[in-house]
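Comments concern the structure below.
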Amino acid sequence: MRHVLSLLVLGSALACAQEGPPYYDPDRSLNKQGEAASAAVEAIRGGAGPEEVAGYFGEKSAEVRDRAFGRCSSARGRRGAARRPRALRGRRRPSWRGWPGVRRHPLRQGPRAPPKRGLGARDQLAQLEAVWALGAIGDPESAKPLERLYKKSRDYRVKGDALIAWAEVDPQGAKEAAEEALEDKLPPVQIAGLVALQRIDGTAALRGAKRLIEEEPKGRAREWAGRLIFAALDAIEAWTNRKSDPELGKELVDVLIARLAKADGLPQHRIGETLGHLTGRRIGANADMWEGWWKSQRASFEFPEPAKDDEDDKGKGAPKAGDGEDEPKGVKTGDEQTRVRFHGIPIYSNRLTFSQDISGGMNNPLDGDASDSPSKMVFSKRELTRVLSQLDRDVMGNVVFFSTEYYRVSDELLPLKRARDKLIEFVREQQTPKKVGKQGSHKGRSNLYDTLAFCMQDPQIDTIFFLSEGGPNEGRFMRQTRFMRHLDKLNRYQRVQVHCLQVSDSAGGARFLKEVSAVTGGTYYSLDQIKAAHKE
């Protein structure tokens with residue numbers, strides 16, 4: 001095999017060996033971390049050997065790890081000329097086309113050992129990095145080791161991602177396994193089977209999505225019911241050639257309306273949206289209205305072409321209201337419809353976490369030009385307290401505050417009918433972490449990745465409202481490309497929407513938070529939008 005794995009895999013394994021989560025460097029200031037990262041980059045550029053480079057990947061500082069990773073991934077010298085580390089000199093360069101941010105790799109060992117070493121690593125993240133790289137390379141010779149890993153691994157992320165990568169390098173060879181995965185007893189493997197089929201056979205994927213919507217998960221798999229539905233809805237919404245198989249389209253509408261009648265919270269809202277995407281009609285999440293309209297239209301209905309996003313933004317091509325249709329009125333979370341809003345944003349979920357920044361900058365005024373402006377901390381806590389007091393009793397919720405570390409009431413969602421007062425009291429007590437001598441000097445940073453990963457791990461959650469000043473300066477991953485790649489792959493199974501609210505004017509922070517929302521299917525809200533919502 002010409003394409004090989006490399007120090008990327010070893011680096012991931014060493015990074016996982018750090019204490020955590022959360023991951024952070026308590027011993028160096030951000031400036032010192034930057035200096036250490038620059039020194040690491042210079043050492044790698046100058047020809048550092050594998051052992052020295054491995055040490056950089058095992059650093060406590062994400063700044064050092066990410067910049068060393070980036071340098072090894074590109075292996076470019078000054079003025080675009082390649083200055084390869086000693087381990088690569090005199091050897092043929094492997095191709096890494098299609099692997100985001102990776103052009104060349106600094107360590108090439110033999111033609112066969114590295115793939116086995118990477119896929120056979122004991123560490124989950126090392127295996128995942130290996131799987132993603134092989135999928136991105138696309139070499140058909142990777143199919144066999146990926147197939148073996150899929151069949152042998154007991155880690156659902158490794159198993160599922162191996163199947164998806166196998167489908168990318170050998171679609172026909174992986175098709176039977178992907179179809180069988182849809183019937184696996186483990187819901188995440190079912191999701192992987194659906195994603196793999198989307199790369200192999202679009203029609204088979206749509207029929208798989210139909211089955212996931214129809215079937216009721218049993219036993220412990222019920223915790224994954226929402227995630228299975230979201231995966232199916234994403235597959236249906238990705239279908240662009242709807243006129244090619246109108247009968248399949250009608251069958252999908254049938255099962256979606258039937259599921260809508262039994263759904264609540266975000267699944268109810270999302271099913272209504274997907275029906276709108278399929279049919280071009282805006283009826284919202286009202287199952288009775290959809291059923292009545294579809295009964296009169298099904299026999300002669302012709303599916304429209306999907307509207308383009310840019311046209312939707314301009315109001316062109318968006319679904320038009322018609323007879324018997326109405327704007328969405330909210331979703332049912334209990335005995336009543338609710339449209340509680342958080343900073344003006346309607347809340348459709350009844351399985352959600354509010355995660356808010358309490359790093360040092362949150363003590364600054366929300367509006368620096370106004371003498372009576374509250375601090376960002378006071379402003380955000382006040383709104384969160386109000387929303388927690390108004391949400392329905394049946395809502396499952398949690399609150400997570402973060403700076404360098406994250407702080408929470410519970411490791412899992414709590415029923416508001418019993419925990420509302422506890423959550424509100426927790427919000428009122430929060431403040432920015434105090435710095436006590438050198439040992440506490442690191443406490444006021446912003447650790448976004450570890451916080452999001454913690455929030456997503458709850459088996460029931462489907463929505464996160466993530467309020468922050470901007471991007472990270474601590475955590476397991478910091479650099480935007482690497483951060484987003486890991487977040488995207490993690491959310492392949494979690495299917496959590498992250499709505500990002502920015503309480504600063506930082507352009508770099510806006511770019512970062514916009515991409516977090518885009519990667520997770522959420523929405524980004526700027527400071528101006530938040531302020532405008534409170535003036536209404």
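FYI, nothing fancy with the structure tokens labels: chains A, B, ... in order, residues from 1 per chain, ligands from 1 as they appear.
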Requested in this report: Run DSSP on the backbone and grab whatever in region 122-344 of chain A lands in strand (DSSP E or B); send it over as a list of chain:residue names.
Outcome: A:Arg281, A:Lys320, A:Val331, A:Lys332, A:Gln337, A:Thr338, A:Arg341, A:Phe342
Query - Non-local contacts of Gln124 (chain A) (8 Å; only C-alpha atoms; under 4 positions in same chain excluded) as a ChimeraX atom specification - result: /A:128,155,158
Query raised in the report: Which residues come within 10 Å of Thr353 (chain A), counting only C-alpha atoms, excluding same-chain residues fewer than 4 positions away, as a PyMOL selection string?
Result: chain A and resi 349+396-400+412-414+455-456+458+461-466+498
Writer output for current selection, C-alpha atoms, as an mmCIF file, in the first residue's frame:
data_model
loop_
_atom_site.group_PDB
_atom_site.id
_atom_site.type_symbol
_atom_site.label_atom_id
_atom_site.label_comp_id
_atom_site.auth_asym_id
_atom_site.auth_seq_id
_atom_site.Cartn_x
_atom_site.Cartn_y
_atom_site.Cartn_z
ATOM 1 C CA SER A 349 -36.582 21.119 22.186
ATOM 2 C CA MET A 396 -35.439 17.643 30.549
ATOM 3 C CA GLY A 397 -32.653 20.190 30.970
ATOM 4 C CA ASN A 398 -29.209 20.991 32.270
ATOM 5 C CA VAL A 399 -26.963 24.014 32.723
ATOM 6 C CA VAL A 400 -23.211 23.965 32.079
ATOM 7 C CA GLU A 412 -27.172 14.160 32.682
ATOM 8 C CA LEU A 413 -30.388 15.991 31.878
ATOM 9 C CA LEU A 414 -32.746 16.568 34.786
ATOM 10 C CA CYS A 455 -22.712 18.348 26.825
ATOM 11 C CA MET A 456 -23.180 16.066 23.819
ATOM 12 C CA ASP A 458 -25.887 12.788 27.378
ATOM 13 C CA ILE A 461 -29.959 15.593 24.553
ATOM 14 C CA ASP A 462 -30.812 17.031 21.144
ATOM 15 C CA THR A 463 -30.175 20.777 21.554
ATOM 16 C CA ILE A 464 -27.488 23.004 23.065
ATOM 17 C CA PHE A 465 -27.744 26.773 23.429
ATOM 18 C CA PHE A 466 -24.085 27.781 23.554
ATOM 19 C CA VAL A 498 -25.767 23.638 18.688
#
For region 168-187 of chain A versus region 209-222 of chain A, which residues have an atom no more than 12 Å away, and what is each residue's nearest atom pair and distance in Å rounded to one decimal, using only C-alpha atoms, chain-then-number order, as a tab-separated table?
residue	atom	partner	partner_atom	distance
A:Glu179	CA	A:Ala209	CA	11.4
A:Ala181	CA	A:Leu212	CA	11.8
A:Leu182	CA	A:Leu212	CA	8.2
A:Glu183	CA	A:Leu212	CA	9.3
A:Asp184	CA	A:Ala221	CA	10.9
A:Lys185	CA	A:Ala221	CA	8.0
A:Leu186	CA	A:Ala221	CA	7.2
A:Pro187	CA	A:Ala221	CA	6.4
Given the selection you just returned, output its residues as a file containing all heavy atoms, formatted as a PDB file, in the first residue's frame.
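Everything below was put into part13.pdb:
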ATOM      1  N   GLU A 179     -26.098  -2.424   4.510  1.00  0.00           N
ATOM      2  CA  GLU A 179     -27.518  -2.787   4.590  1.00  0.00           C
ATOM      3  C   GLU A 179     -27.794  -3.620   5.844  1.00  0.00           C
ATOM      4  O   GLU A 179     -28.827  -3.433   6.501  1.00  0.00           O
ATOM      5  CB  GLU A 179     -27.905  -3.560   3.328  1.00  0.00           C
ATOM      6  CG  GLU A 179     -27.921  -2.695   2.077  1.00  0.00           C
ATOM      7  CD  GLU A 179     -28.178  -3.481   0.813  1.00  0.00           C
ATOM      8  OE1 GLU A 179     -27.877  -4.691   0.797  1.00  0.00           O
ATOM      9  OE2 GLU A 179     -28.684  -2.900  -0.164  1.00  0.00           O
ATOM     10  N   ALA A 181     -26.085  -3.415   8.587  1.00  0.00           N
ATOM     11  CA  ALA A 181     -25.909  -2.534   9.745  1.00  0.00           C
ATOM     12  C   ALA A 181     -27.195  -1.810  10.102  1.00  0.00           C
ATOM     13  O   ALA A 181     -27.434  -1.479  11.271  1.00  0.00           O
ATOM     14  CB  ALA A 181     -24.790  -1.521   9.474  1.00  0.00           C
ATOM     15  N   LEU A 182     -28.054  -1.562   9.120  1.00  0.00           N
ATOM     16  CA  LEU A 182     -29.329  -0.899   9.389  1.00  0.00           C
ATOM     17  C   LEU A 182     -30.226  -1.720  10.309  1.00  0.00           C
ATOM     18  O   LEU A 182     -31.150  -1.182  10.921  1.00  0.00           O
ATOM     19  CB  LEU A 182     -30.065  -0.618   8.080  1.00  0.00           C
ATOM     20  CG  LEU A 182     -29.626   0.629   7.309  1.00  0.00           C
ATOM     21  CD1 LEU A 182     -30.298   0.670   5.951  1.00  0.00           C
ATOM     22  CD2 LEU A 182     -29.950   1.889   8.094  1.00  0.00           C
ATOM     23  N   GLU A 183     -29.961  -3.006  10.405  1.00  0.00           N
ATOM     24  CA  GLU A 183     -30.762  -3.886  11.261  1.00  0.00           C
ATOM     25  C   GLU A 183     -29.991  -4.309  12.508  1.00  0.00           C
ATOM     26  O   GLU A 183     -30.445  -5.195  13.248  1.00  0.00           O
ATOM     27  CB  GLU A 183     -31.193  -5.120  10.461  1.00  0.00           C
ATOM     28  CG  GLU A 183     -32.020  -4.770   9.225  1.00  0.00           C
ATOM     29  CD  GLU A 183     -32.421  -5.996   8.433  1.00  0.00           C
ATOM     30  OE1 GLU A 183     -32.153  -7.117   8.901  1.00  0.00           O
ATOM     31  OE2 GLU A 183     -32.996  -5.834   7.345  1.00  0.00           O
ATOM     32  N   ASP A 184     -28.843  -3.684  12.750  1.00  0.00           N
ATOM     33  CA  ASP A 184     -28.030  -4.033  13.918  1.00  0.00           C
ATOM     34  C   ASP A 184     -28.774  -3.667  15.212  1.00  0.00           C
ATOM     35  O   ASP A 184     -29.616  -2.764  15.234  1.00  0.00           O
ATOM     36  CB  ASP A 184     -26.705  -3.272  13.862  1.00  0.00           C
ATOM     37  CG  ASP A 184     -25.655  -3.856  14.795  1.00  0.00           C
ATOM     38  OD1 ASP A 184     -25.667  -3.501  15.989  1.00  0.00           O
ATOM     39  OD2 ASP A 184     -24.843  -4.664  14.322  1.00  0.00           O
ATOM     40  N   LYS A 185     -28.469  -4.377  16.295  1.00  0.00           N
ATOM     41  CA  LYS A 185     -29.131  -4.100  17.570  1.00  0.00           C
ATOM     42  C   LYS A 185     -28.613  -2.824  18.218  1.00  0.00           C
ATOM     43  O   LYS A 185     -29.256  -2.289  19.127  1.00  0.00           O
ATOM     44  CB  LYS A 185     -28.952  -5.273  18.520  1.00  0.00           C
ATOM     45  CG  LYS A 185     -27.503  -5.568  18.897  1.00  0.00           C
ATOM     46  CD  LYS A 185     -27.420  -6.763  19.827  1.00  0.00           C
ATOM     47  CE  LYS A 185     -25.967  -7.058  20.212  1.00  0.00           C
ATOM     48  NZ  LYS A 185     -25.872  -8.227  21.111  1.00  0.00           N
ATOM     49  N   LEU A 186     -27.454  -2.315  17.750  1.00  0.00           N
ATOM     50  CA  LEU A 186     -26.897  -1.081  18.302  1.00  0.00           C
ATOM     51  C   LEU A 186     -27.312   0.106  17.443  1.00  0.00           C
ATOM     52  O   LEU A 186     -26.944   0.171  16.259  1.00  0.00           O
ATOM     53  CB  LEU A 186     -25.370  -1.161  18.371  1.00  0.00           C
ATOM     54  CG  LEU A 186     -24.782  -2.202  19.330  1.00  0.00           C
ATOM     55  CD1 LEU A 186     -23.255  -2.210  19.204  1.00  0.00           C
ATOM     56  CD2 LEU A 186     -25.190  -1.901  20.761  1.00  0.00           C
ATOM     57  N   PRO A 187     -28.068   1.065  17.987  1.00  0.00           N
ATOM     58  CA  PRO A 187     -28.506   2.218  17.192  1.00  0.00           C
ATOM     59  C   PRO A 187     -27.373   2.990  16.509  1.00  0.00           C
ATOM     60  O   PRO A 187     -27.538   3.389  15.352  1.00  0.00           O
ATOM     61  CB  PRO A 187     -29.254   3.085  18.212  1.00  0.00           C
ATOM     62  CG  PRO A 187     -29.753   2.110  19.219  1.00  0.00           C
ATOM     63  CD  PRO A 187     -28.676   1.071  19.330  1.00  0.00           C
TER      64      PRO A 187
END
**Report entry** Within 6 Å of region 345-348 of chain A using only C-alpha atoms, minus same-chain residues under 4 positions, as a VMD selection string
**Finding:** chain A and resid 265 to 266 339 to 341
Write the residues of the preceding selection, restricted to N, CA and C atoms, as a PDB file, in the first residue's frame.
ATOM      1  N   GLY A 265     -41.413  17.736  21.087  1.00  0.00           N
ATOM      2  CA  GLY A 265     -40.124  18.399  21.161  1.00  0.00           C
ATOM      3  C   GLY A 265     -39.478  18.632  19.806  1.00  0.00           C
ATOM      4  N   LEU A 266     -38.159  18.568  19.768  1.00  0.00           N
ATOM      5  CA  LEU A 266     -37.433  18.826  18.529  1.00  0.00           C
ATOM      6  C   LEU A 266     -37.756  17.813  17.428  1.00  0.00           C
ATOM      7  N   ARG A 339     -43.787  28.251  23.059  1.00  0.00           N
ATOM      8  CA  ARG A 339     -42.836  28.963  22.209  1.00  0.00           C
ATOM      9  C   ARG A 339     -41.995  29.853  23.103  1.00  0.00           C
ATOM     10  N   VAL A 340     -41.488  29.294  24.196  1.00  0.00           N
ATOM     11  CA  VAL A 340     -40.576  30.052  25.057  1.00  0.00           C
ATOM     12  C   VAL A 340     -39.362  30.449  24.231  1.00  0.00           C
ATOM     13  N   ARG A 341     -38.900  31.677  24.408  1.00  0.00           N
ATOM     14  CA  ARG A 341     -37.759  32.166  23.638  1.00  0.00           C
ATOM     15  C   ARG A 341     -36.579  32.474  24.540  1.00  0.00           C
TER      16      ARG A 341
END
Query raised in the report: Leaving out region 357-359 of chain A and any residue of its chain fewer than 5 positions from it, which residues lie within 9 Å of it when counting only C-alpha atoms, given as a ChimeraX atom specification?
Result: /A:377,400-404,430-433,443-446,448,466-469
Output the selection as a compact mmCIF listing (two decimals), in the first residue's frame - all heavy atoms for each residue.
# COMPACT_ATOMS: atom_id res chain seq x y z
N MET A 377 -22.05 38.87 32.03
CA MET A 377 -22.40 37.82 32.98
C MET A 377 -23.80 38.06 33.56
O MET A 377 -24.65 37.17 33.56
CB MET A 377 -21.37 37.75 34.09
CG MET A 377 -21.68 36.72 35.16
SD MET A 377 -21.40 35.04 34.60
CE MET A 377 -19.62 34.98 34.77
N VAL A 400 -24.66 24.17 31.99
CA VAL A 400 -23.21 23.97 32.08
C VAL A 400 -22.52 25.30 31.85
O VAL A 400 -22.73 25.94 30.81
CB VAL A 400 -22.73 22.94 31.03
CG1 VAL A 400 -21.21 22.77 31.12
CG2 VAL A 400 -23.41 21.60 31.23
N PHE A 401 -21.74 25.73 32.82
CA PHE A 401 -20.93 26.94 32.65
C PHE A 401 -19.49 26.53 32.36
O PHE A 401 -19.04 25.47 32.82
CB PHE A 401 -20.99 27.80 33.92
CG PHE A 401 -22.31 28.50 34.13
CD1 PHE A 401 -23.26 27.96 34.96
CD2 PHE A 401 -22.57 29.68 33.47
CE1 PHE A 401 -24.48 28.59 35.16
CE2 PHE A 401 -23.79 30.33 33.65
CZ PHE A 401 -24.74 29.78 34.49
N PHE A 402 -18.79 27.36 31.61
CA PHE A 402 -17.42 26.98 31.27
C PHE A 402 -16.47 28.18 31.22
O PHE A 402 -16.85 29.29 30.87
CB PHE A 402 -17.38 26.25 29.91
CG PHE A 402 -17.71 27.14 28.73
CD1 PHE A 402 -16.72 27.80 28.02
CD2 PHE A 402 -19.03 27.31 28.32
CE1 PHE A 402 -17.02 28.60 26.93
CE2 PHE A 402 -19.35 28.12 27.24
CZ PHE A 402 -18.34 28.77 26.54
N SER A 403 -15.27 27.91 31.61
CA SER A 403 -14.12 28.77 31.37
C SER A 403 -13.01 27.83 30.95
O SER A 403 -13.16 27.15 29.93
CB SER A 403 -13.78 29.59 32.62
OG SER A 403 -13.65 28.75 33.76
N THR A 404 -11.92 27.73 31.71
CA THR A 404 -10.92 26.71 31.41
C THR A 404 -11.48 25.32 31.67
O THR A 404 -11.22 24.38 30.93
CB THR A 404 -9.67 26.93 32.28
OG1 THR A 404 -9.18 28.26 32.05
CG2 THR A 404 -8.58 25.93 31.96
N GLN A 430 -23.27 31.41 39.99
CA GLN A 430 -22.08 31.40 39.16
C GLN A 430 -21.44 32.77 39.01
O GLN A 430 -22.10 33.79 38.96
CB GLN A 430 -22.41 30.87 37.75
CG GLN A 430 -22.73 29.39 37.73
CD GLN A 430 -21.64 28.55 38.33
OE1 GLN A 430 -20.48 28.63 37.94
NE2 GLN A 430 -22.00 27.72 39.31
N GLN A 431 -20.10 32.75 38.96
CA GLN A 431 -19.31 33.95 38.70
C GLN A 431 -18.04 33.53 37.98
O GLN A 431 -17.74 32.34 37.89
CB GLN A 431 -18.97 34.66 40.01
CG GLN A 431 -18.23 33.78 41.01
CD GLN A 431 -18.01 34.48 42.33
OE1 GLN A 431 -18.04 35.69 42.40
NE2 GLN A 431 -17.78 33.71 43.39
N THR A 432 -17.31 34.50 37.46
CA THR A 432 -16.05 34.15 36.79
C THR A 432 -15.09 33.56 37.82
O THR A 432 -15.05 34.02 38.97
CB THR A 432 -15.41 35.38 36.13
OG1 THR A 432 -15.27 36.41 37.11
CG2 THR A 432 -16.26 35.88 34.99
N PRO A 433 -14.31 32.53 37.44
CA PRO A 433 -13.41 31.89 38.39
C PRO A 433 -12.40 32.88 38.96
O PRO A 433 -11.86 33.73 38.26
CB PRO A 433 -12.70 30.82 37.54
CG PRO A 433 -13.63 30.56 36.41
CD PRO A 433 -14.29 31.88 36.13
N LYS A 443 -7.37 29.87 35.18
CA LYS A 443 -8.77 29.51 35.34
C LYS A 443 -9.74 30.28 34.44
O LYS A 443 -10.85 29.83 34.21
CB LYS A 443 -9.20 29.72 36.80
CG LYS A 443 -8.55 28.76 37.80
CD LYS A 443 -9.08 27.36 37.62
CE LYS A 443 -8.58 26.45 38.73
NZ LYS A 443 -9.11 25.08 38.60
N GLY A 444 -9.35 31.44 33.94
CA GLY A 444 -10.29 32.28 33.22
C GLY A 444 -10.26 32.17 31.71
O GLY A 444 -10.68 33.09 31.02
N ARG A 445 -9.79 31.07 31.17
CA ARG A 445 -9.72 30.89 29.72
C ARG A 445 -11.03 30.31 29.18
O ARG A 445 -11.98 30.12 29.93
CB ARG A 445 -8.53 29.98 29.38
CG ARG A 445 -7.20 30.56 29.86
CD ARG A 445 -6.07 29.56 29.75
NE ARG A 445 -4.87 30.05 30.42
CZ ARG A 445 -3.81 29.30 30.70
NH1 ARG A 445 -3.79 28.03 30.37
NH2 ARG A 445 -2.75 29.83 31.32
N SER A 446 -11.05 30.04 27.88
CA SER A 446 -12.28 29.55 27.22
C SER A 446 -12.03 28.18 26.60
O SER A 446 -11.33 28.08 25.59
CB SER A 446 -12.75 30.53 26.15
OG SER A 446 -13.12 31.76 26.73
N LEU A 448 -13.81 25.47 24.74
CA LEU A 448 -15.05 25.18 24.02
C LEU A 448 -15.21 23.70 23.69
O LEU A 448 -16.28 23.14 23.87
CB LEU A 448 -15.14 26.01 22.73
CG LEU A 448 -15.75 27.41 22.86
CD1 LEU A 448 -14.92 28.30 23.77
CD2 LEU A 448 -15.91 28.05 21.49
N PHE A 466 -25.48 27.58 23.18
CA PHE A 466 -24.08 27.78 23.55
C PHE A 466 -23.74 29.26 23.45
O PHE A 466 -23.59 29.81 22.36
CB PHE A 466 -23.19 26.96 22.63
CG PHE A 466 -21.79 26.76 23.11
CD1 PHE A 466 -21.50 25.87 24.13
CD2 PHE A 466 -20.74 27.48 22.54
CE1 PHE A 466 -20.19 25.67 24.56
CE2 PHE A 466 -19.44 27.29 22.96
CZ PHE A 466 -19.16 26.39 23.98
N LEU A 467 -23.62 29.92 24.61
CA LEU A 467 -23.36 31.35 24.65
C LEU A 467 -21.90 31.60 24.99
O LEU A 467 -21.41 31.13 26.02
CB LEU A 467 -24.28 32.03 25.66
CG LEU A 467 -24.22 33.55 25.76
CD1 LEU A 467 -25.60 34.12 26.09
CD2 LEU A 467 -23.22 34.01 26.82
N SER A 468 -21.20 32.32 24.12
CA SER A 468 -19.76 32.52 24.31
C SER A 468 -19.33 33.86 23.74
O SER A 468 -20.02 34.44 22.89
CB SER A 468 -18.98 31.39 23.62
OG SER A 468 -17.59 31.57 23.73
N GLU A 469 -18.17 34.33 24.19
CA GLU A 469 -17.60 35.55 23.60
C GLU A 469 -17.00 35.28 22.23
O GLU A 469 -16.94 36.16 21.38
CB GLU A 469 -16.52 36.11 24.52
CG GLU A 469 -17.06 36.77 25.76
CD GLU A 469 -16.00 37.60 26.45
OE1 GLU A 469 -15.04 37.02 27.00
OE2 GLU A 469 -16.13 38.83 26.41
Query - Distance query region 516-521 of chain A at most 9 Å, only C-alpha atoms, self and fewer than 4 positions along chain excluded, as a ChimeraX atom specification - result: /A:484-485,487-488,491-492,495-500,511-512
What does the file look like for those residues with N, CA and C atoms, as a PDB file, in the first residue's frame?
ATOM      1  N   MET A 484     -13.138  21.552  14.233  1.00  0.00           N
ATOM      2  CA  MET A 484     -14.387  21.272  13.524  1.00  0.00           C
ATOM      3  C   MET A 484     -14.428  19.851  12.995  1.00  0.00           C
ATOM      4  N   ARG A 485     -13.290  19.326  12.577  1.00  0.00           N
ATOM      5  CA  ARG A 485     -13.283  17.950  12.087  1.00  0.00           C
ATOM      6  C   ARG A 485     -13.707  16.989  13.195  1.00  0.00           C
ATOM      7  N   LEU A 487     -15.389  17.748  15.982  1.00  0.00           N
ATOM      8  CA  LEU A 487     -16.772  18.016  16.380  1.00  0.00           C
ATOM      9  C   LEU A 487     -17.747  17.381  15.396  1.00  0.00           C
ATOM     10  N   ASP A 488     -17.463  17.524  14.119  1.00  0.00           N
ATOM     11  CA  ASP A 488     -18.327  16.962  13.079  1.00  0.00           C
ATOM     12  C   ASP A 488     -18.414  15.452  13.197  1.00  0.00           C
ATOM     13  N   ASN A 491     -20.408  14.395  16.231  1.00  0.00           N
ATOM     14  CA  ASN A 491     -21.847  14.642  16.088  1.00  0.00           C
ATOM     15  C   ASN A 491     -22.496  13.772  15.015  1.00  0.00           C
ATOM     16  N   ARG A 492     -21.695  12.980  14.334  1.00  0.00           N
ATOM     17  CA  ARG A 492     -22.235  12.020  13.377  1.00  0.00           C
ATOM     18  C   ARG A 492     -23.219  11.072  14.071  1.00  0.00           C
ATOM     19  N   ARG A 495     -25.979  13.774  16.850  1.00  0.00           N
ATOM     20  CA  ARG A 495     -27.032  14.516  16.140  1.00  0.00           C
ATOM     21  C   ARG A 495     -27.621  15.627  17.007  1.00  0.00           C
ATOM     22  N   VAL A 496     -26.765  16.397  17.649  1.00  0.00           N
ATOM     23  CA  VAL A 496     -27.184  17.496  18.517  1.00  0.00           C
ATOM     24  C   VAL A 496     -27.064  18.812  17.756  1.00  0.00           C
ATOM     25  N   GLN A 497     -28.112  19.616  17.792  1.00  0.00           N
ATOM     26  CA  GLN A 497     -28.046  20.963  17.222  1.00  0.00           C
ATOM     27  C   GLN A 497     -27.411  21.903  18.243  1.00  0.00           C
ATOM     28  N   VAL A 498     -26.406  22.659  17.811  1.00  0.00           N
ATOM     29  CA  VAL A 498     -25.767  23.638  18.688  1.00  0.00           C
ATOM     30  C   VAL A 498     -26.050  25.032  18.138  1.00  0.00           C
ATOM     31  N   HIS A 499     -26.855  25.799  18.873  1.00  0.00           N
ATOM     32  CA  HIS A 499     -27.153  27.181  18.507  1.00  0.00           C
ATOM     33  C   HIS A 499     -26.171  28.070  19.257  1.00  0.00           C
ATOM     34  N   CYS A 500     -25.347  28.804  18.523  1.00  0.00           N
ATOM     35  CA  CYS A 500     -24.296  29.626  19.132  1.00  0.00           C
ATOM     36  C   CYS A 500     -24.734  31.075  19.233  1.00  0.00           C
ATOM     37  N   ARG A 511     -16.488  33.951  13.202  1.00  0.00           N
ATOM     38  CA  ARG A 511     -16.180  32.901  12.227  1.00  0.00           C
ATOM     39  C   ARG A 511     -16.198  31.524  12.887  1.00  0.00           C
ATOM     40  N   PHE A 512     -15.629  31.461  14.074  1.00  0.00           N
ATOM     41  CA  PHE A 512     -15.545  30.184  14.779  1.00  0.00           C
ATOM     42  C   PHE A 512     -16.938  29.678  15.176  1.00  0.00           C
TER      43      PHE A 512
END
Report task. Rank nothing, just name the residue among A:Val387, A:Ala307, A:Leu146, A:Leu163 nearest to Arg281 (chain A), using only C-alpha atoms. Result -> A:Ala307
Query raised in the report: Running DSSP on the backbone, which parts of region 175-210 of chain A land in helix (DSSP H, G or I), as number ranges by chain?
Result: A: 175-181, 187-200, 202-210
How would the residues just picked look written out with C-alpha atoms as an mmCIF file, in the first residue's frame?
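After the write, part.cif holds the following:
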data_model
loop_
_atom_site.group_PDB
_atom_site.id
_atom_site.type_symbol
_atom_site.label_atom_id
_atom_site.label_comp_id
_atom_site.auth_asym_id
_atom_site.auth_seq_id
_atom_site.Cartn_x
_atom_site.Cartn_y
_atom_site.Cartn_z
ATOM 1 C CA LYS A 175 -22.870 -2.327 0.421
ATOM 2 C CA GLU A 176 -24.034 -5.610 1.955
ATOM 3 C CA ALA A 177 -22.465 -4.750 5.320
ATOM 4 C CA ALA A 178 -24.079 -1.297 5.280
ATOM 5 C CA GLU A 179 -27.518 -2.787 4.590
ATOM 6 C CA GLU A 180 -27.044 -5.311 7.396
ATOM 7 C CA ALA A 181 -25.909 -2.534 9.745
ATOM 8 C CA PRO A 187 -28.506 2.218 17.192
ATOM 9 C CA PRO A 188 -25.168 3.975 16.448
ATOM 10 C CA VAL A 189 -24.248 1.149 14.086
ATOM 11 C CA GLN A 190 -27.613 1.665 12.383
ATOM 12 C CA ILE A 191 -26.741 5.340 11.936
ATOM 13 C CA ALA A 192 -23.369 4.373 10.467
ATOM 14 C CA GLY A 193 -25.103 1.984 8.080
ATOM 15 C CA LEU A 194 -27.386 4.770 6.890
ATOM 16 C CA VAL A 195 -24.488 7.209 6.381
ATOM 17 C CA ALA A 196 -22.511 4.527 4.524
ATOM 18 C CA LEU A 197 -25.462 3.772 2.239
ATOM 19 C CA GLN A 198 -25.730 7.458 1.361
ATOM 20 C CA ARG A 199 -22.251 7.095 -0.149
ATOM 21 C CA ILE A 200 -23.156 3.893 -1.998
ATOM 22 C CA GLY A 202 -29.078 6.834 -2.546
ATOM 23 C CA THR A 203 -32.315 4.897 -3.023
ATOM 24 C CA ALA A 204 -31.264 2.199 -0.551
ATOM 25 C CA ALA A 205 -30.370 4.936 1.939
ATOM 26 C CA LEU A 206 -33.813 6.518 1.600
ATOM 27 C CA ARG A 207 -35.518 3.179 2.177
ATOM 28 C CA GLY A 208 -33.286 2.699 5.196
ATOM 29 C CA ALA A 209 -34.299 6.133 6.479
ATOM 30 C CA LYS A 210 -37.951 5.163 5.995
#
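Pairwise distance (CA of Glu63 (chain A), CA of Ala165 (chain A)) equals 29.1 Å.
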Query - Option closest in space to Arg28 (chain A), from A:Tyr150, A:Ala532, A:Asn363, A:Glu474 [counting only C-alpha atoms] - result: A:Glu474
